[in-house]
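Coordinates as given in my_file15.txt (compact mmCIF, C-alpha atoms and all ligand atoms):
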# COMPACT_ATOMS: atom_id res chain seq x y z
CA MET A 1 0.00 0.00 0.00
CA LYS A 2 1.32 3.44 -0.93
CA ILE A 3 0.40 7.03 -0.22
CA ALA A 4 -1.17 8.30 -3.44
CA ARG A 5 -2.52 11.75 -2.57
CA ILE A 6 -2.52 14.27 0.29
CA SER A 7 -5.39 16.77 0.38
CA VAL A 8 -5.10 19.82 2.62
CA PHE A 9 -8.10 21.67 4.09
CA ARG A 10 -8.23 24.86 6.11
CA VAL A 11 -10.98 25.17 8.72
CA MET A 12 -11.55 28.14 11.02
CA LEU A 13 -12.76 27.05 14.46
CA PRO A 14 -14.67 29.69 16.47
CA LEU A 15 -14.28 29.45 20.25
CA LYS A 16 -17.36 28.85 22.39
CA GLU A 17 -16.14 31.41 24.94
CA GLY A 18 -15.18 33.96 22.28
CA SER A 19 -11.52 34.07 23.25
CA TYR A 20 -8.78 32.17 25.05
CA LYS A 21 -6.10 34.15 26.89
CA TRP A 22 -2.86 33.22 28.57
CA SER A 23 0.32 34.85 29.86
CA GLY A 24 1.95 37.96 28.52
CA GLY A 25 -1.21 39.32 26.91
CA LYS A 26 -1.31 36.46 24.41
CA GLY A 27 -4.59 35.06 23.20
CA VAL A 28 -6.67 33.85 20.30
CA THR A 29 -10.28 34.40 19.27
CA GLU A 30 -10.46 31.46 16.86
CA TYR A 31 -8.31 28.52 15.85
CA ASP A 32 -6.91 28.09 12.36
CA SER A 33 -6.99 24.34 11.70
CA THR A 34 -5.28 22.36 8.98
CA VAL A 35 -7.02 19.04 8.26
CA ILE A 36 -5.44 16.57 5.89
CA ARG A 37 -6.73 13.53 4.06
CA VAL A 38 -4.21 10.90 3.00
CA ASP A 39 -5.45 8.65 0.19
CA THR A 40 -3.74 5.39 -0.67
CA ASP A 41 -3.53 3.40 -3.88
CA ALA A 42 -5.61 0.72 -2.11
CA GLY A 43 -8.57 3.03 -1.59
CA VAL A 44 -8.06 3.42 2.18
CA THR A 45 -8.18 6.99 3.50
CA GLY A 46 -6.77 8.46 6.69
CA TRP A 47 -7.38 11.82 8.40
CA GLY A 48 -5.20 14.10 10.50
CA GLU A 49 -5.32 17.60 11.95
CA CYS A 50 -2.86 20.18 13.28
CA VAL A 51 -3.92 23.35 15.11
CA PRO A 52 -1.11 25.57 16.45
CA LEU A 53 -2.30 27.79 19.30
CA GLY A 54 -1.83 30.97 17.29
CA PRO A 55 1.64 32.06 16.11
CA VAL A 56 3.23 32.92 19.48
CA TYR A 57 2.58 29.96 21.76
CA LEU A 58 5.16 27.55 20.31
CA PRO A 59 7.47 27.92 17.31
CA SER A 60 4.61 26.88 15.07
CA TYR A 61 1.85 28.74 13.23
CA ALA A 62 -1.11 27.75 11.11
CA PRO A 63 0.06 28.89 7.65
CA GLY A 64 3.35 27.15 8.48
CA VAL A 65 1.54 23.81 8.61
CA ARG A 66 0.31 24.32 5.07
CA THR A 67 3.60 25.71 3.75
CA GLY A 68 5.43 22.82 5.37
CA LEU A 69 3.08 20.28 3.81
CA ARG A 70 3.72 21.78 0.36
CA GLU A 71 7.44 21.23 1.00
CA LEU A 72 7.16 17.81 2.64
CA GLY A 73 4.23 16.26 0.80
CA PRO A 74 5.86 15.36 -2.54
CA ALA A 75 8.50 13.28 -0.68
CA LEU A 76 5.75 11.14 0.86
CA ILE A 77 3.95 10.09 -2.31
CA GLY A 78 4.70 6.42 -2.97
CA LEU A 79 5.72 5.60 0.63
CA SER A 80 3.94 3.06 2.81
CA PRO A 81 1.55 4.64 5.34
CA LEU A 82 1.69 1.45 7.42
CA ARG A 83 5.37 1.57 8.49
CA LEU A 84 5.11 4.49 10.84
CA PRO A 85 8.71 4.64 12.12
CA GLN A 86 10.00 4.44 8.54
CA LEU A 87 7.55 7.12 7.46
CA ASN A 88 8.81 9.37 10.27
CA ARG A 89 12.41 8.78 9.20
CA ALA A 90 11.44 9.75 5.66
CA MET A 91 9.73 12.92 6.91
CA ASP A 92 12.82 13.86 8.92
CA ALA A 93 15.00 13.24 5.86
CA ALA A 94 12.82 15.49 3.72
CA LEU A 95 12.30 18.36 6.20
CA LYS A 96 14.48 19.09 9.21
CA GLY A 97 12.56 19.97 12.35
CA HIS A 98 9.06 21.43 12.03
CA ASN A 99 7.55 18.59 14.04
CA TYR A 100 4.09 20.11 13.92
CA VAL A 101 3.99 19.91 10.12
CA LYS A 102 4.62 16.16 10.33
CA SER A 103 2.07 15.54 13.06
CA ALA A 104 -1.05 15.56 10.89
CA VAL A 105 0.58 13.20 8.36
CA ASP A 106 1.58 10.78 11.09
CA ILE A 107 -1.91 10.86 12.62
CA ALA A 108 -3.53 10.20 9.24
CA CYS A 109 -1.28 7.19 8.69
CA TRP A 110 -2.19 5.76 12.12
CA ASP A 111 -5.82 6.14 11.00
CA ILE A 112 -4.97 4.13 7.86
CA LEU A 113 -3.08 1.47 9.85
CA GLY A 114 -6.07 1.05 12.14
CA LYS A 115 -8.50 0.73 9.25
CA VAL A 116 -6.28 -1.80 7.46
CA THR A 117 -5.85 -3.93 10.59
CA GLY A 118 -9.43 -3.45 11.80
CA GLN A 119 -8.22 -2.06 15.15
CA PRO A 120 -8.82 1.23 16.94
CA VAL A 121 -5.63 3.27 17.19
CA CYS A 122 -5.59 2.96 20.99
CA THR A 123 -5.27 -0.81 20.61
CA LEU A 124 -2.28 -0.33 18.30
CA LEU A 125 -0.75 2.15 20.77
CA GLY A 126 -0.71 -0.46 23.50
CA GLY A 127 -4.29 -1.16 24.49
CA ARG A 128 -7.20 0.58 26.15
CA TYR A 129 -7.38 1.03 29.94
CA GLY A 130 -10.90 1.02 31.35
CA ASP A 131 -13.99 2.60 29.84
CA SER A 132 -12.96 6.25 29.95
CA PHE A 133 -10.32 8.71 31.14
CA PRO A 134 -10.53 12.08 32.93
CA VAL A 135 -10.09 15.38 31.12
CA TYR A 136 -9.24 18.87 32.28
CA ARG A 137 -10.22 22.33 31.15
CA ALA A 138 -7.94 25.31 30.85
CA VAL A 139 -9.39 28.41 32.50
CA SER A 140 -8.68 31.43 30.33
CA LEU A 141 -6.77 34.24 32.05
CA GLY A 142 -9.18 36.74 33.61
CA THR A 143 -10.09 38.34 36.92
CA PRO A 144 -10.06 36.06 39.97
CA ASP A 145 -13.86 36.18 40.15
CA ALA A 146 -14.22 35.36 36.46
CA MET A 147 -11.82 32.42 36.80
CA VAL A 148 -13.64 31.10 39.88
CA ALA A 149 -16.91 31.31 37.92
CA ARG A 150 -15.42 29.46 34.94
CA ALA A 151 -14.02 26.73 37.15
CA ALA A 152 -17.44 26.35 38.80
CA GLU A 153 -19.03 26.08 35.37
CA TYR A 154 -16.57 23.35 34.39
CA ARG A 155 -17.00 21.61 37.73
CA ALA A 156 -20.75 21.44 37.03
CA GLN A 157 -19.81 19.54 33.86
CA GLY A 158 -18.05 16.92 35.97
CA LEU A 159 -14.49 18.23 35.79
CA ALA A 160 -12.15 18.12 38.77
CA HIS A 161 -8.92 19.28 37.12
CA PHE A 162 -8.48 22.94 36.25
CA GLN A 163 -5.50 24.55 34.58
CA LEU A 164 -5.45 28.25 35.38
CA LYS A 165 -3.86 30.54 32.86
CA VAL A 166 -1.68 32.96 34.84
CA GLY A 167 1.26 35.19 34.03
CA SER A 168 0.07 38.80 33.91
CA SER A 169 1.26 40.34 37.19
CA VAL A 170 2.49 38.75 40.39
CA ASP A 171 -0.16 40.12 42.75
CA GLU A 172 -2.99 39.35 40.35
CA ASP A 173 -1.66 35.86 39.76
CA ILE A 174 -1.45 35.18 43.50
CA ALA A 175 -5.06 36.35 43.80
CA ARG A 176 -6.18 34.17 40.89
CA ILE A 177 -4.55 31.04 42.24
CA GLY A 178 -5.78 31.67 45.78
CA ALA A 179 -9.36 32.36 44.73
CA VAL A 180 -9.72 29.26 42.56
CA SER A 181 -7.88 27.05 45.05
CA GLU A 182 -10.10 28.15 47.92
CA ALA A 183 -13.30 27.72 45.89
CA ALA A 184 -12.26 24.22 44.78
CA ALA A 185 -14.06 21.09 45.89
CA PRO A 186 -12.26 18.34 47.80
CA GLY A 187 -10.18 16.33 45.36
CA ASP A 188 -9.93 19.07 42.76
CA VAL A 189 -6.57 19.74 41.16
CA VAL A 190 -5.62 23.35 40.37
CA VAL A 191 -2.65 23.82 38.05
CA ALA A 192 -1.24 27.34 37.78
CA ASP A 193 0.21 27.43 34.27
CA ALA A 194 2.26 30.54 33.52
CA ASN A 195 3.09 29.33 30.01
CA THR A 196 6.67 30.67 30.30
CA GLY A 197 5.33 34.08 31.37
CA TRP A 198 7.17 34.80 34.62
CA LEU A 199 10.69 35.99 35.17
CA ARG A 200 12.43 34.15 37.98
CA HIS A 201 11.82 36.78 40.64
CA GLU A 202 8.14 36.84 39.74
CA ALA A 203 7.86 33.07 39.83
CA MET A 204 9.64 32.96 43.19
CA ARG A 205 7.18 35.46 44.69
CA VAL A 206 4.15 33.55 43.41
CA VAL A 207 5.47 30.16 44.49
CA HIS A 208 6.19 31.39 48.02
CA ALA A 209 2.81 33.09 48.29
CA VAL A 210 0.77 30.03 47.26
CA SER A 211 2.96 27.28 48.73
CA HIS A 212 0.46 26.62 51.56
CA LEU A 213 -2.28 25.63 49.09
CA GLY A 214 -2.51 21.86 49.08
CA ASN A 215 -4.32 21.44 45.78
CA VAL A 216 -2.05 23.64 43.62
CA TYR A 217 0.55 22.62 41.04
CA ILE A 218 2.95 24.97 39.22
CA GLU A 219 3.40 24.56 35.44
CA GLN A 220 6.13 25.98 33.17
CA PRO A 221 6.73 29.17 35.14
CA CYS A 222 9.56 30.58 32.98
CA LEU A 223 10.76 30.52 29.40
CA SER A 224 13.91 28.43 29.59
CA TYR A 225 14.55 25.06 31.12
CA ASP A 226 17.32 26.46 33.33
CA GLU A 227 15.04 29.17 34.71
CA CYS A 228 12.34 26.58 35.42
CA LEU A 229 14.88 24.33 37.12
CA SER A 230 15.98 27.14 39.42
CA ILE A 231 12.36 27.76 40.45
CA ARG A 232 11.76 24.06 40.87
CA ARG A 233 14.61 23.92 43.41
CA HIS A 234 12.77 26.45 45.57
CA CYS A 235 9.23 25.20 44.96
CA PRO A 236 7.51 22.95 47.51
CA LEU A 237 4.55 22.39 45.16
CA PRO A 238 4.29 19.67 42.50
CA PHE A 239 5.93 20.92 39.33
CA VAL A 240 4.92 20.37 35.70
CA LEU A 241 7.01 21.13 32.61
CA ASP A 242 5.45 21.67 29.21
CA GLU A 243 6.85 24.04 26.59
CA CYS A 244 10.54 23.33 27.25
CA ILE A 245 10.21 19.53 26.97
CA ASP A 246 10.40 19.52 23.20
CA SER A 247 12.59 16.43 22.71
CA ILE A 248 13.36 13.08 24.27
CA ASP A 249 16.75 14.51 25.23
CA ALA A 250 15.04 17.34 27.12
CA LEU A 251 12.83 14.83 28.94
CA ILE A 252 15.80 12.65 29.93
CA ARG A 253 17.72 15.66 31.21
CA ALA A 254 14.72 16.92 33.20
CA HIS A 255 14.25 13.52 34.77
CA ALA A 256 17.94 13.26 35.66
CA ASP A 257 17.82 16.76 37.21
CA HIS A 258 14.67 15.91 39.24
CA ALA A 259 13.19 18.93 37.48
CA LEU A 260 9.58 17.77 37.20
CA ASP A 261 6.77 15.79 38.82
CA ALA A 262 4.64 15.61 35.68
CA VAL A 263 5.03 16.48 32.04
CA ASN A 264 2.77 17.74 29.31
CA ILE A 265 2.96 15.85 26.02
CA LYS A 266 1.48 17.68 23.05
CA VAL A 267 1.11 15.46 20.00
CA SER A 268 1.97 18.11 17.41
CA ARG A 269 4.90 19.52 19.40
CA VAL A 270 6.65 16.14 19.29
CA GLY A 271 5.63 15.36 15.70
CA GLY A 272 2.64 13.02 15.85
CA LEU A 273 1.43 9.87 17.57
CA THR A 274 4.52 7.81 16.72
CA ARG A 275 6.82 10.19 18.61
CA ALA A 276 4.22 10.92 21.30
CA ARG A 277 4.06 7.20 22.00
CA GLU A 278 7.85 7.19 22.48
CA PHE A 279 7.51 10.00 25.03
CA ARG A 280 4.55 8.28 26.68
CA ASP A 281 6.31 4.95 27.03
CA LEU A 282 9.53 6.53 28.30
CA CYS A 283 7.55 8.51 30.88
CA GLY A 284 5.93 5.22 31.86
CA HIS A 285 9.32 3.64 32.49
CA LEU A 286 10.46 6.68 34.47
CA GLY A 287 7.26 6.97 36.49
CA ILE A 288 6.42 10.45 35.23
CA PRO A 289 2.69 11.25 35.05
CA MET A 290 1.56 12.91 31.85
CA THR A 291 -0.97 15.34 30.55
CA VAL A 292 -1.72 14.00 27.09
CA GLU A 293 -3.00 16.60 24.65
CA ASP A 294 -2.23 18.78 21.66
CA THR A 295 -1.80 22.51 21.18
CA ALA A 296 -5.47 22.75 20.16
CA GLY A 297 -7.84 21.02 17.79
CA SER A 298 -11.28 19.99 16.69
CA SER A 299 -12.83 16.54 16.38
CA ILE A 300 -9.98 14.90 14.44
CA ALA A 301 -7.05 16.08 16.60
CA MET A 302 -9.12 15.23 19.69
CA ALA A 303 -9.67 11.71 18.39
CA ALA A 304 -5.91 11.22 18.03
CA VAL A 305 -5.25 12.59 21.52
CA ALA A 306 -7.98 10.37 22.97
CA HIS A 307 -6.44 7.20 21.51
CA LEU A 308 -3.08 8.08 23.10
CA ALA A 309 -4.68 9.02 26.43
CA HIS A 310 -6.88 5.93 26.57
CA SER A 311 -3.86 3.67 26.04
CA THR A 312 -1.86 5.38 28.80
CA PRO A 313 -1.83 3.61 32.20
CA PRO A 314 -4.40 5.45 34.36
CA GLU A 315 -2.02 6.10 37.25
CA LEU A 316 0.31 7.86 34.81
CA LEU A 317 -2.37 9.87 33.02
CA PHE A 318 -2.34 13.13 34.96
CA SER A 319 -4.99 14.46 32.62
CA CYS A 320 -6.03 15.00 29.02
CA ALA A 321 -7.31 18.16 27.36
CA ALA A 322 -10.86 18.30 26.01
CA HIS A 323 -9.86 20.31 22.94
CA ASN A 324 -13.00 19.95 20.88
CA GLU A 325 -15.13 21.17 23.79
CA ARG A 326 -13.64 24.66 23.33
CA VAL A 327 -14.81 25.10 19.73
CA THR A 328 -18.25 25.51 18.18
CA LEU A 329 -17.57 23.51 15.02
CA VAL A 330 -17.78 19.71 14.82
CA THR A 331 -15.50 18.62 11.99
CA ALA A 332 -16.12 14.86 12.18
CA GLU A 333 -18.67 12.33 13.36
CA GLY A 334 -17.51 9.77 15.90
CA ALA A 335 -15.09 12.02 17.80
CA PRO A 336 -14.92 11.80 21.61
CA ARG A 337 -17.26 14.07 23.53
CA MET A 338 -17.02 14.89 27.20
CA THR A 339 -19.48 13.24 29.60
CA ASP A 340 -19.20 13.92 33.35
CA GLY A 341 -15.65 15.18 32.88
CA ARG A 342 -14.50 12.08 31.03
CA MET A 343 -13.92 10.95 27.47
CA SER A 344 -13.37 7.68 25.59
CA ALA A 345 -11.51 6.81 22.44
CA SER A 346 -13.62 5.34 19.66
CA THR A 347 -13.87 1.55 19.42
CA ALA A 348 -14.10 1.73 15.61
CA PRO A 349 -11.06 0.91 13.44
CA GLY A 350 -8.51 3.71 13.02
CA LEU A 351 -9.28 7.03 14.66
CA GLY A 352 -12.98 6.21 14.38
CA VAL A 353 -13.93 9.56 12.87
CA GLU A 354 -15.84 10.37 9.72
CA PRO A 355 -15.15 13.96 8.67
CA ILE A 356 -18.09 16.19 7.83
CA MET A 357 -17.25 17.47 4.38
CA ASP A 358 -19.59 20.46 4.67
CA ALA A 359 -17.51 21.61 7.63
CA LEU A 360 -14.20 21.14 5.80
CA GLY A 361 -15.18 22.62 2.45
CA ALA A 362 -13.03 22.08 -0.62
CA PRO A 363 -9.32 21.31 -0.20
CA LEU A 364 -6.94 24.26 -0.46
CA PHE A 365 -4.50 22.13 -2.43
CA GLU A 366 -3.63 18.53 -3.17
CA ILE A 367 -0.31 16.76 -3.56
CA ALA A 368 -0.24 13.66 -5.76
MG MG B 1 0.96 24.13 29.78
Translate the structure described by the file into structure tokens.
Ligand code: MG
Amino acid sequence: MKIARISVFRVMLPLKEGSYKWSGGKGVTEYDSTVIRVDTDAGVTGWGECVPLGPVYLPSYAPGVRTGLRELGPALIGLSPLRLPQLNRAMDAALKGHNYVKSAVDIACWDILGKVTGQPVCTLLGGRYGDSFPVYRAVSLGTPDAMVARAAEYRAQGLAHFQLKVGSSVDEDIARIGAVSEAAAPGDVVVADANTGWLRHEAMRVVHAVSHLGNVYIEQPCLSYDECLSIRRHCPLPFVLDECIDSIDALIRAHADHALDAVNIKVSRVGGLTRAREFRDLCGHLGIPMTVEDTAGSSIAMAAVAHLAHSTPPELLFSCAAHNERVTLVTAEGAPRMTDGRMSASTAPGLGVEPIMDALGAPLFEIA
């Protein structure tokens, strides 16, 4: 079986809440999604999606996905979509770096592998654990009262894990974290995620001010790994790294330095499900709990994330994002939906999604 054609769609995804804001005044009002369809010479079709969180969250941006696919795509025609490690080697040989560009291709080929073998992707990734897994919601940066109200709204939907977007000013951030922590229900987890937005002195002040709160975690306080490590050494709270763990090497170093208690694995940041599985399995060996997610996404990216999350041992699955619950548009039938704060991967072969062509429109371009 060979890859015969790659079709690229652009889909704008409006946000249910109108905007999503995080540290440093950054934010988005809609997501710019790239959906791809990979057709094979055997008539089997796979789907993938990549949605950077705007152009300033990671070194990725939505038009870059499409530009990268124009560059990468011709090198993939004629390759097997079933030999995922070989396909990833071929992608790395054709385009250095730019993991996010490769992510949608890799996801689409896992979809094909699942359809060909008659297995859901989570079975191929190691096997499903239980009936469902817990998800979290990110609480957009706002006033303390607004963030408490959002968390209460999400709690009413069955969620118990809240990731607060912080990183505007120290005193406001301390107030945000304190307000949501104190309003939390027993068993709730409150993660204060600065998304690289604090300088070290700011992070130190926040960490000291909230260190008595028993339900609070600190996530990616500063931009660089070394800055985060210095905060970690003074932080009595559980510590999560996200943006700076962009390679297996970075993960190994962080583990050796005792720099983290949990890690955030984003499928597109590491280059797709093949590489995310490597991270996931290494974290399993090292005993590092994971948040399994992507930068953002609609039904198709969420399906891929759900298959990885559902095949992650429950005690190591810190949480999983409910990406498609943030957006108004459903891009595919069969995608996971949140019920009582939990989701499940499809039991159908492949990703288990059937894209809604009216939502995708006509392809922007095709590579054959
Ligand atoms: Mg984060």
> Which residues form the shell of 6 Å around ligand MG 1 (chain B) when you count all atoms listed in the file, given as a ChimeraX atom specification?
Replying inline: /A:193,195,242
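Distances to Arg137 in chain A were evaluated for A:Thr291, A:Ser211, A:Ser311, A:Thr123 using all atoms listed in the file, and the minimum falls at A:Thr291.
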* **Distance in Å - CA of Ala90 in chain A versus CA of Arg128 in chain A** =>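 It comes out at 29.2 Å.
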Using 8 Å of padding on each side, determine the axis-aligned box around all atoms of range 15-26 of chain A present in the file and give its centre and edge lengths in Å to one decimal, as JSON.
{"center_x": -7.7, "center_y": 34.1, "center_z": 25.1, "size_x": 35.3, "size_y": 26.5, "size_z": 25.6}
Quick one: everything within 8 Å of range 343-353 of chain A, counting all atoms listed in the file, minus sequence neighbours fewer than 5 positions away in the same chain. Send it as a tab-separated table (two decimals) with C-alpha atoms, in the coordinates of the input.
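Wrote part.tsv, looks like this:
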chain	number	residue	atom	x	y	z
A	110	TRP	CA	-2.19	5.76	12.12
A	111	ASP	CA	-5.82	6.14	11.00
A	112	ILE	CA	-4.97	4.13	7.86
A	113	LEU	CA	-3.08	1.47	9.85
A	114	GLY	CA	-6.07	1.05	12.14
A	115	LYS	CA	-8.50	0.73	9.25
A	117	THR	CA	-5.85	-3.93	10.59
A	118	GLY	CA	-9.43	-3.45	11.80
A	119	GLN	CA	-8.22	-2.06	15.15
A	120	PRO	CA	-8.82	1.23	16.94
A	121	VAL	CA	-5.63	3.27	17.19
A	122	CYS	CA	-5.59	2.96	20.99
A	131	ASP	CA	-13.99	2.60	29.84
A	132	SER	CA	-12.96	6.25	29.95
A	133	PHE	CA	-10.32	8.71	31.14
A	134	PRO	CA	-10.53	12.08	32.93
A	135	VAL	CA	-10.09	15.38	31.12
A	299	SER	CA	-12.83	16.54	16.38
A	300	ILE	CA	-9.98	14.90	14.44
A	303	ALA	CA	-9.67	11.71	18.39
A	304	ALA	CA	-5.91	11.22	18.03
A	306	ALA	CA	-7.98	10.37	22.97
A	307	HIS	CA	-6.44	7.20	21.51
A	310	HIS	CA	-6.88	5.93	26.57
A	332	ALA	CA	-16.12	14.86	12.18
A	333	GLU	CA	-18.67	12.33	13.36
A	334	GLY	CA	-17.51	9.77	15.90
A	335	ALA	CA	-15.09	12.02	17.80
A	336	PRO	CA	-14.92	11.80	21.61
A	337	ARG	CA	-17.26	14.07	23.53
A	338	MET	CA	-17.02	14.89	27.20
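Distance check against Thr328 in chain A using all atoms listed in the file: of A:Ile288, A:Val101, A:Ala359, A:Val305, the minimum falls on A:Ala359.
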* Asked: Could you name the residues that touch range 251-262 of chain A at 8 Å or less, counting all atoms listed in the file, but leaving out those on the same chain fewer than 4 positions away, as a ChimeraX atom specification?
  -> /A:228-229,232-233,238-241,245-247,286,288-291,318
Closest-contact table, range 39-103 of chain A side, partner range 8-18 of chain A, 12 Å, counting all atoms listed in the file, as a Markdown table:
| residue | atom | partner | partner_atom | distance |
| --- | --- | --- | --- | --- |
| A:Asp39 | CA | A:Val8 | CA | 11.4 |
| A:Trp47 | CA | A:Val8 | CA | 10.1 |
| A:Gly48 | CA | A:Val8 | CA | 9.7 |
| A:Glu49 | CA | A:Phe9 | CA | 9.3 |
| A:Cys50 | CA | A:Arg10 | CA | 10.1 |
| A:Val51 | CA | A:Leu13 | CA | 9.6 |
| A:Pro52 | CA | A:Leu13 | CA | 11.9 |
| A:Leu53 | CA | A:Leu13 | CA | 11.5 |
| A:Gly54 | CA | A:Met12 | CA | 11.9 |
| A:Ala62 | CA | A:Arg10 | CA | 9.2 |
| A:Pro63 | CA | A:Arg10 | CA | 9.3 |
| A:Val65 | CA | A:Val8 | CA | 9.8 |
| A:Arg66 | CA | A:Val8 | CA | 7.5 |
| A:Thr67 | CA | A:Val8 | CA | 10.6 |
| A:Gly68 | CA | A:Val8 | CA | 11.3 |
| A:Leu69 | CA | A:Val8 | CA | 8.3 |
| A:Arg70 | CA | A:Val8 | CA | 9.3 |
| A:Gly73 | CA | A:Val8 | CA | 10.2 |
| A:Val101 | CA | A:Val8 | CA | 11.8 |
Q.
Considering all atoms listed in the file, can you say which of A:Leu84, A:Val166, A:Leu72, A:Ala209 comes closest to Leu273 in chain A?
A.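 Selected residue with least distance to Leu273 in chain A: A:Leu84.
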Of A:Val206, A:Ala175, A:Val191, A:Leu124, the one nearest to Gly142 in chain A when counting all atoms listed in the file is A:Ala175
Pick out the residues sitting within 9 Å of Ala368 in chain A, and hand them over as a ChimeraX atom specification; count only C-alpha atoms, and ignore anything fewer than 6 positions along from it in its own chain. /A:3-7,73-74,77
note - CA of Val38 in chain A and CA of Glu278 in chain A are separated by 23.2 Å
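Ranking A:Ile174, A:Val180, A:Tyr61, A:Ala160 by their shortest atom-to-atom distance to Asp32 in chain A, with only C-alpha atoms included, puts A:Tyr61 first.
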